[in-house]
Amino acid sequence: FLLDHELRMGTQTSKSLERILGFEVKPGDNFLELLKPLVTPKTYDTAKEYIELLLRHDVKEKLVASLNPLDCIEIAGVRPNGGVESRFLQIRFNRVMKSGKVTHLLVTANDISRQVRLERELRESERRVQDQMGMMVHILQADPALLQDFLGNATDGLNQINDDLRASNATTGISSPQLDAMLRAAHQLKGDAAAMQLEAVTQSLHAFETLVQN
């Protein structure tokens, strides 16, 4: 859609625009006012300044293109079943020129949720691989006797935790003494793993402790 100097939307919009944005749009609506409930005050203020810069004739478009605060924004949407989902939108602006003057901005909006989630999954996968590689290096450098003791204690502790979890049921749940025992075992293993610089194991046990405590 086109955006004029009053930040109002033009009469021609894509049929998919309302689906992408998640709200109704009408010709003449103030775009930033429609966007305001979806973003933080800081993002709103920065977006307003950015659009005003693009509408100025004396500012080079290429110099400010990388400053776009709406290039990736997270918004909350409502599913058909009433649930709430998080989506990521990309909103970009290109100048429309006439006689060397900026008359409008051409605005394109895309739902990039899938792309953002895939990128996050890739980064998390890379992080796990790096953690595992680091752990393998520390294992190879560890004292064999200390490593053997750690593996024995870890096996015993994890087996006990698994036994306690299997003994629970949907009716009675897990008793307080069992929870305390699981936390003690996890905390001991976490300390042992940290002492051997096994960061991935330490983080996993810390996450388990947090889950049990909550």
# chains A, B, ... in the order shown; residues from 1 in each chain; ligands from 1

call {"tool": "residues_around", "arguments": {"residues": "stretch 117-121 of chain A", "least_positions_apart": "4", "cutoff": "12 Å", "atoms": "only C-alpha atoms", "output": "list of chain:residue names"}}
result
A:Glu74, A:Ser86, A:Arg87, A:Phe88, A:Asp111, A:Ile112, A:Ser113, A:Ser125, A:Glu126, A:Arg127, A:Arg128

call {"tool": "write_last_selection", "arguments": {"atoms": "N, CA, C and O atoms", "output": "compact mmCIF listing (two decimals), in the first residue's frame"}}
result
# COMPACT_ATOMS: atom_id res chain seq x y z
N GLU A 74 7.81 -8.62 16.57
CA GLU A 74 7.02 -9.73 17.10
C GLU A 74 5.69 -9.18 17.61
O GLU A 74 5.66 -8.22 18.37
N SER A 86 2.32 -16.17 18.74
CA SER A 86 3.29 -15.13 18.46
C SER A 86 3.67 -15.19 16.99
O SER A 86 3.97 -16.27 16.46
N ARG A 87 3.64 -14.03 16.33
CA ARG A 87 4.00 -13.96 14.91
C ARG A 87 5.06 -12.88 14.71
O ARG A 87 5.19 -11.97 15.51
N PHE A 88 5.79 -13.01 13.61
CA PHE A 88 6.84 -12.05 13.28
C PHE A 88 6.52 -11.43 11.92
O PHE A 88 6.28 -12.14 10.95
N ASP A 111 4.66 -11.79 6.50
CA ASP A 111 4.72 -12.63 7.69
C ASP A 111 5.96 -13.51 7.57
O ASP A 111 6.03 -14.38 6.70
N ILE A 112 6.97 -13.27 8.41
CA ILE A 112 8.23 -14.01 8.33
C ILE A 112 8.39 -14.93 9.54
O ILE A 112 9.51 -15.28 9.91
N SER A 113 7.27 -15.34 10.13
CA SER A 113 7.32 -16.18 11.33
C SER A 113 8.10 -17.46 11.09
O SER A 113 8.96 -17.85 11.91
N SER A 125 20.59 -25.16 17.35
CA SER A 125 21.25 -26.40 16.95
C SER A 125 22.77 -26.20 16.91
O SER A 125 23.53 -27.06 17.38
N GLU A 126 23.20 -25.07 16.37
CA GLU A 126 24.64 -24.78 16.31
C GLU A 126 25.21 -24.64 17.72
O GLU A 126 26.33 -25.10 17.98
N ARG A 127 24.44 -24.02 18.61
CA ARG A 127 24.91 -23.86 19.99
C ARG A 127 25.07 -25.23 20.66
O ARG A 127 26.07 -25.47 21.36
N ARG A 128 24.09 -26.12 20.42
CA ARG A 128 24.19 -27.45 21.02
C ARG A 128 25.40 -28.22 20.49
O ARG A 128 26.08 -28.92 21.25

call {"tool": "closest_atom_pairs", "arguments": {"of": "stretch 64-123 of chain A", "to": "stretch 1-25 of chain A", "cutoff": "8 Å", "atoms": "only C-alpha atoms", "output": "Markdown table"}}
result
| residue | atom | partner | partner_atom | distance |
| --- | --- | --- | --- | --- |
| A:Gly77 | CA | A:Gly22 | CA | 6.8 |
| A:Leu89 | CA | A:Leu21 | CA | 7.7 |
| A:Thr103 | CA | A:Asp4 | CA | 6.8 |
| A:His104 | CA | A:Asp4 | CA | 4.7 |
| A:Leu105 | CA | A:Leu3 | CA | 5.0 |
| A:Leu106 | CA | A:Leu2 | CA | 4.7 |
| A:Val107 | CA | A:Phe1 | CA | 5.4 |
| A:Thr108 | CA | A:Phe1 | CA | 6.9 |
| A:Ala109 | CA | A:Ile20 | CA | 7.1 |
| A:Asn110 | CA | A:Ile20 | CA | 6.5 |
| A:Asp111 | CA | A:Ile20 | CA | 5.9 |

call {"tool": "write_last_selection", "arguments": {"atoms": "N, CA and C atoms", "output": "PDB file, in the first residue's frame"}}
result
ATOM      1  N   GLY A  77      -0.935 -12.658  18.025  1.00  0.00           N
ATOM      2  CA  GLY A  77      -2.149 -12.822  17.237  1.00  0.00           C
ATOM      3  C   GLY A  77      -3.080 -13.821  17.889  1.00  0.00           C
ATOM      4  N   LEU A  89       6.531 -10.105  11.898  1.00  0.00           N
ATOM      5  CA  LEU A  89       6.232  -9.376  10.671  1.00  0.00           C
ATOM      6  C   LEU A  89       7.453  -8.584  10.224  1.00  0.00           C
ATOM      7  N   THR A 103       6.893  11.620  -2.882  1.00  0.00           N
ATOM      8  CA  THR A 103       5.443  11.842  -2.800  1.00  0.00           C
ATOM      9  C   THR A 103       4.765  10.850  -1.860  1.00  0.00           C
ATOM     10  N   HIS A 104       5.243   9.625  -1.878  1.00  0.00           N
ATOM     11  CA  HIS A 104       4.650   8.575  -1.035  1.00  0.00           C
ATOM     12  C   HIS A 104       5.741   7.570  -0.656  1.00  0.00           C
ATOM     13  N   LEU A 105       5.378   6.691   0.239  1.00  0.00           N
ATOM     14  CA  LEU A 105       6.186   5.511   0.534  1.00  0.00           C
ATOM     15  C   LEU A 105       5.386   4.282   0.140  1.00  0.00           C
ATOM     16  N   LEU A 106       6.039   3.367  -0.580  1.00  0.00           N
ATOM     17  CA  LEU A 106       5.419   2.084  -0.906  1.00  0.00           C
ATOM     18  C   LEU A 106       5.757   1.112   0.227  1.00  0.00           C
ATOM     19  N   VAL A 107       4.735   0.621   0.906  1.00  0.00           N
ATOM     20  CA  VAL A 107       4.930  -0.220   2.093  1.00  0.00           C
ATOM     21  C   VAL A 107       4.594  -1.667   1.762  1.00  0.00           C
ATOM     22  N   THR A 108       5.489  -2.575   2.106  1.00  0.00           N
ATOM     23  CA  THR A 108       5.238  -4.007   1.924  1.00  0.00           C
ATOM     24  C   THR A 108       5.328  -4.694   3.285  1.00  0.00           C
ATOM     25  N   ALA A 109       4.369  -5.542   3.560  1.00  0.00           N
ATOM     26  CA  ALA A 109       4.333  -6.281   4.829  1.00  0.00           C
ATOM     27  C   ALA A 109       4.336  -7.776   4.544  1.00  0.00           C
ATOM     28  N   ASN A 110       5.169  -8.493   5.256  1.00  0.00           N
ATOM     29  CA  ASN A 110       5.262  -9.946   5.088  1.00  0.00           C
ATOM     30  C   ASN A 110       5.275 -10.623   6.446  1.00  0.00           C
ATOM     31  N   ASP A 111       4.657 -11.795   6.497  1.00  0.00           N
ATOM     32  CA  ASP A 111       4.720 -12.633   7.691  1.00  0.00           C
ATOM     33  C   ASP A 111       5.964 -13.510   7.569  1.00  0.00           C
TER      34      ASP A 111
END

call {"tool": "atom_distance", "arguments": {"atom1": "atom CA of A:Ile75", "atom2": "atom CA of A:Lys26"}}
result
20.3 Å

call {"tool": "atom_distance", "arguments": {"atom1": "atom CA of A:Leu34", "atom2": "atom CA of A:Lys60"}}
result
27.0 Å

call {"tool": "residues_around", "arguments": {"residues": "A:Lys62", "least_positions_apart": "5", "cutoff": "12 Å", "atoms": "only C-alpha atoms", "output": "MDAnalysis selection string"}}
result
chainID A and resid 53:54 67:68 93:95

call {"tool": "select_by_dssp", "arguments": {"residues": "chain A", "states": "strand (DSSP E or B)", "output": "number ranges by chain"}}
result
A: 2-3, 8-9, 30, 73-78, 84-98, 101-111, 169, 173

call {"tool": "closest_residue", "arguments": {"among": "A:Ala185, A:Ser175, A:Ile139, A:Asp180", "to": "A:Gln160", "atoms": "only C-alpha atoms"}}
result
A:Ala185

call {"tool": "select_by_dssp", "arguments": {"residues": "chain A", "states": "alpha helix (DSSP H)", "output": "ChimeraX atom specification"}}
result
/A:17-21,31-35,41-54,61-64,113-141,144-167,176-195,199-213

call {"tool": "residues_around", "arguments": {"residues": "stretch 194-211 of chain A", "least_positions_apart": "6", "cutoff": "7 Å", "atoms": "only C-alpha atoms", "output": "PDB file with all heavy atoms, in the first residue's frame"}}
result
ATOM      1  N   ASP A 131      28.452 -26.860  22.173  1.00  0.00           N
ATOM      2  CA  ASP A 131      28.512 -27.343  23.556  1.00  0.00           C
ATOM      3  C   ASP A 131      28.988 -28.788  23.614  1.00  0.00           C
ATOM      4  O   ASP A 131      29.801 -29.157  24.462  1.00  0.00           O
ATOM      5  CB  ASP A 131      27.142 -27.223  24.218  1.00  0.00           C
ATOM      6  CG  ASP A 131      26.764 -25.785  24.524  1.00  0.00           C
ATOM      7  OD1 ASP A 131      27.650 -24.924  24.473  1.00  0.00           O
ATOM      8  OD2 ASP A 131      25.572 -25.534  24.792  1.00  0.00           O
ATOM      9  N   GLN A 132      28.457 -29.605  22.701  1.00  0.00           N
ATOM     10  CA  GLN A 132      28.838 -31.015  22.683  1.00  0.00           C
ATOM     11  C   GLN A 132      30.306 -31.193  22.315  1.00  0.00           C
ATOM     12  O   GLN A 132      30.996 -32.040  22.882  1.00  0.00           O
ATOM     13  CB  GLN A 132      27.936 -31.774  21.715  1.00  0.00           C
ATOM     14  CG  GLN A 132      26.493 -31.898  22.206  1.00  0.00           C
ATOM     15  CD  GLN A 132      25.556 -32.413  21.136  1.00  0.00           C
ATOM     16  OE1 GLN A 132      25.956 -32.642  19.989  1.00  0.00           O
ATOM     17  NE2 GLN A 132      24.286 -32.585  21.484  1.00  0.00           N
ATOM     18  N   MET A 135      32.296 -30.270  25.280  1.00  0.00           N
ATOM     19  CA  MET A 135      32.207 -31.316  26.286  1.00  0.00           C
ATOM     20  C   MET A 135      33.111 -32.495  25.924  1.00  0.00           C
ATOM     21  O   MET A 135      33.787 -33.061  26.790  1.00  0.00           O
ATOM     22  CB  MET A 135      30.759 -31.793  26.418  1.00  0.00           C
ATOM     23  CG  MET A 135      30.551 -32.803  27.538  1.00  0.00           C
ATOM     24  SD  MET A 135      28.796 -33.146  27.819  1.00  0.00           S
ATOM     25  CE  MET A 135      28.353 -33.925  26.260  1.00  0.00           C
ATOM     26  N   HIS A 138      36.692 -31.681  26.847  1.00  0.00           N
ATOM     27  CA  HIS A 138      36.943 -31.793  28.292  1.00  0.00           C
ATOM     28  C   HIS A 138      36.950 -33.260  28.736  1.00  0.00           C
ATOM     29  O   HIS A 138      37.738 -33.627  29.624  1.00  0.00           O
ATOM     30  CB  HIS A 138      35.885 -31.010  29.071  1.00  0.00           C
ATOM     31  CG  HIS A 138      36.040 -29.531  28.961  1.00  0.00           C
ATOM     32  ND1 HIS A 138      37.184 -28.866  29.357  1.00  0.00           N
ATOM     33  CD2 HIS A 138      35.207 -28.565  28.478  1.00  0.00           C
ATOM     34  CE1 HIS A 138      37.050 -27.576  29.145  1.00  0.00           C
ATOM     35  NE2 HIS A 138      35.848 -27.359  28.606  1.00  0.00           N
ATOM     36  N   LEU A 183      15.886 -33.469  43.724  1.00  0.00           N
ATOM     37  CA  LEU A 183      16.629 -32.214  43.673  1.00  0.00           C
ATOM     38  C   LEU A 183      18.042 -32.372  44.210  1.00  0.00           C
ATOM     39  O   LEU A 183      18.995 -31.814  43.652  1.00  0.00           O
ATOM     40  CB  LEU A 183      15.882 -31.136  44.462  1.00  0.00           C
ATOM     41  CG  LEU A 183      14.668 -30.523  43.760  1.00  0.00           C
ATOM     42  CD1 LEU A 183      13.890 -29.626  44.725  1.00  0.00           C
ATOM     43  CD2 LEU A 183      15.109 -29.701  42.543  1.00  0.00           C
ATOM     44  N   ALA A 186      20.055 -34.247  41.537  1.00  0.00           N
ATOM     45  CA  ALA A 186      20.346 -33.386  40.384  1.00  0.00           C
ATOM     46  C   ALA A 186      21.383 -32.330  40.746  1.00  0.00           C
ATOM     47  O   ALA A 186      22.287 -32.028  39.947  1.00  0.00           O
ATOM     48  CB  ALA A 186      19.060 -32.732  39.895  1.00  0.00           C
TER      49      ALA A 186
END

call {"tool": "closest_residue", "arguments": {"among": "A:Ser99, A:Glu85, A:Asp58, A:Val116", "to": "A:Asp71", "atoms": "only C-alpha atoms"}}
result
A:Val116

call {"tool": "atom_distance", "arguments": {"atom1": "atom CA of A:Thr43", "atom2": "atom CA of A:Leu70"}}
result
7.8 Å

call {"tool": "decode", "arguments": {"residues": "stretch 164-196 of chain A", "atoms": "N, CA, C and O atoms", "output": "compact mmCIF listing (two decimals), in the first residue's frame"}}
result
# COMPACT_ATOMS: atom_id res chain seq x y z
N ASP A 164 11.97 -42.73 40.60
CA ASP A 164 11.00 -41.89 41.31
C ASP A 164 9.92 -41.38 40.36
O ASP A 164 8.73 -41.32 40.71
N LEU A 165 10.33 -41.01 39.15
CA LEU A 165 9.36 -40.51 38.17
C LEU A 165 8.41 -41.61 37.74
O LEU A 165 7.20 -41.39 37.58
N ARG A 166 8.94 -42.81 37.52
CA ARG A 166 8.08 -43.93 37.10
C ARG A 166 7.12 -44.35 38.21
O ARG A 166 6.03 -44.85 37.94
N ALA A 167 7.54 -44.15 39.47
CA ALA A 167 6.70 -44.57 40.60
C ALA A 167 5.53 -43.62 40.82
O ALA A 167 4.57 -43.95 41.51
N SER A 168 5.58 -42.43 40.24
CA SER A 168 4.50 -41.45 40.42
C SER A 168 3.32 -41.81 39.52
O SER A 168 3.45 -42.58 38.58
N ASN A 169 2.15 -41.26 39.85
CA ASN A 169 0.98 -41.46 39.00
C ASN A 169 0.14 -40.19 38.97
O ASN A 169 0.38 -39.25 39.73
N ALA A 170 -0.82 -40.18 38.07
CA ALA A 170 -1.62 -38.96 37.86
C ALA A 170 -2.45 -38.58 39.08
O ALA A 170 -2.81 -37.42 39.26
N THR A 171 -2.74 -39.56 39.93
CA THR A 171 -3.60 -39.30 41.10
C THR A 171 -2.82 -38.72 42.26
O THR A 171 -3.16 -37.68 42.82
N THR A 172 -1.75 -39.40 42.64
CA THR A 172 -0.99 -38.98 43.82
C THR A 172 0.18 -38.08 43.50
O THR A 172 0.67 -37.36 44.36
N GLY A 173 0.65 -38.10 42.25
CA GLY A 173 1.79 -37.29 41.87
C GLY A 173 3.07 -37.79 42.52
O GLY A 173 3.22 -38.99 42.80
N ILE A 174 4.00 -36.88 42.77
CA ILE A 174 5.27 -37.23 43.41
C ILE A 174 5.28 -36.63 44.80
O ILE A 174 4.95 -35.45 45.00
N SER A 175 5.67 -37.41 45.79
CA SER A 175 5.67 -36.94 47.18
C SER A 175 6.79 -35.92 47.40
O SER A 175 7.77 -35.88 46.65
N SER A 176 6.63 -35.13 48.44
CA SER A 176 7.65 -34.12 48.78
C SER A 176 9.01 -34.75 49.06
O SER A 176 10.03 -34.23 48.58
N PRO A 177 9.07 -35.88 49.81
CA PRO A 177 10.38 -36.50 50.02
C PRO A 177 11.04 -36.95 48.71
O PRO A 177 12.26 -36.84 48.55
N GLN A 178 10.21 -37.44 47.76
CA GLN A 178 10.77 -37.85 46.48
C GLN A 178 11.31 -36.65 45.70
O GLN A 178 12.37 -36.71 45.09
N LEU A 179 10.56 -35.54 45.73
CA LEU A 179 11.02 -34.33 45.05
C LEU A 179 12.32 -33.84 45.65
O LEU A 179 13.25 -33.44 44.92
N ASP A 180 12.40 -33.84 46.98
CA ASP A 180 13.63 -33.41 47.65
C ASP A 180 14.81 -34.29 47.26
O ASP A 180 15.92 -33.79 47.02
N ALA A 181 14.55 -35.60 47.20
CA ALA A 181 15.63 -36.53 46.83
C ALA A 181 16.08 -36.30 45.39
O ALA A 181 17.27 -36.33 45.08
N MET A 182 15.12 -36.05 44.48
CA MET A 182 15.45 -35.78 43.08
C MET A 182 16.27 -34.50 42.95
O MET A 182 17.25 -34.45 42.20
N LEU A 183 15.89 -33.47 43.72
CA LEU A 183 16.63 -32.21 43.67
C LEU A 183 18.04 -32.37 44.21
O LEU A 183 19.00 -31.81 43.65
N ARG A 184 18.18 -33.14 45.29
CA ARG A 184 19.52 -33.36 45.85
C ARG A 184 20.40 -34.10 44.84
O ARG A 184 21.57 -33.75 44.64
N ALA A 185 19.83 -35.13 44.21
CA ALA A 185 20.61 -35.89 43.24
C ALA A 185 21.01 -35.03 42.04
O ALA A 185 22.16 -35.06 41.59
N ALA A 186 20.05 -34.25 41.54
CA ALA A 186 20.35 -33.39 40.38
C ALA A 186 21.38 -32.33 40.75
O ALA A 186 22.29 -32.03 39.95
N HIS A 187 21.26 -31.75 41.94
CA HIS A 187 22.20 -30.71 42.36
C HIS A 187 23.61 -31.28 42.52
O HIS A 187 24.60 -30.63 42.13
N GLN A 188 23.70 -32.48 43.08
CA GLN A 188 25.01 -33.12 43.23
C GLN A 188 25.65 -33.39 41.88
O GLN A 188 26.83 -33.12 41.65
N LEU A 189 24.83 -33.92 40.95
CA LEU A 189 25.35 -34.21 39.61
C LEU A 189 25.75 -32.94 38.89
O LEU A 189 26.75 -32.90 38.16
N LYS A 190 24.98 -31.88 39.10
CA LYS A 190 25.31 -30.60 38.46
C LYS A 190 26.66 -30.08 38.95
O LYS A 190 27.48 -29.58 38.17
N GLY A 191 26.87 -30.19 40.25
CA GLY A 191 28.16 -29.77 40.80
C GLY A 191 29.31 -30.58 40.26
O GLY A 191 30.37 -30.03 39.92
N ASP A 192 29.10 -31.91 40.17
CA ASP A 192 30.15 -32.78 39.64
C ASP A 192 30.45 -32.44 38.17
O ASP A 192 31.61 -32.40 37.75
N ALA A 193 29.38 -32.19 37.39
CA ALA A 193 29.56 -31.86 35.97
C ALA A 193 30.28 -30.53 35.81
O ALA A 193 31.14 -30.38 34.94
N ALA A 194 29.92 -29.55 36.66
CA ALA A 194 30.58 -28.24 36.59
C ALA A 194 32.06 -28.35 36.93
O ALA A 194 32.91 -27.69 36.31
N ALA A 195 32.37 -29.20 37.91
CA ALA A 195 33.77 -29.39 38.30
C ALA A 195 34.60 -29.97 37.15
O ALA A 195 35.79 -29.67 37.03
N MET A 196 33.94 -30.76 36.30
CA MET A 196 34.64 -31.36 35.16
C MET A 196 34.48 -30.52 33.89
O MET A 196 34.88 -30.94 32.81
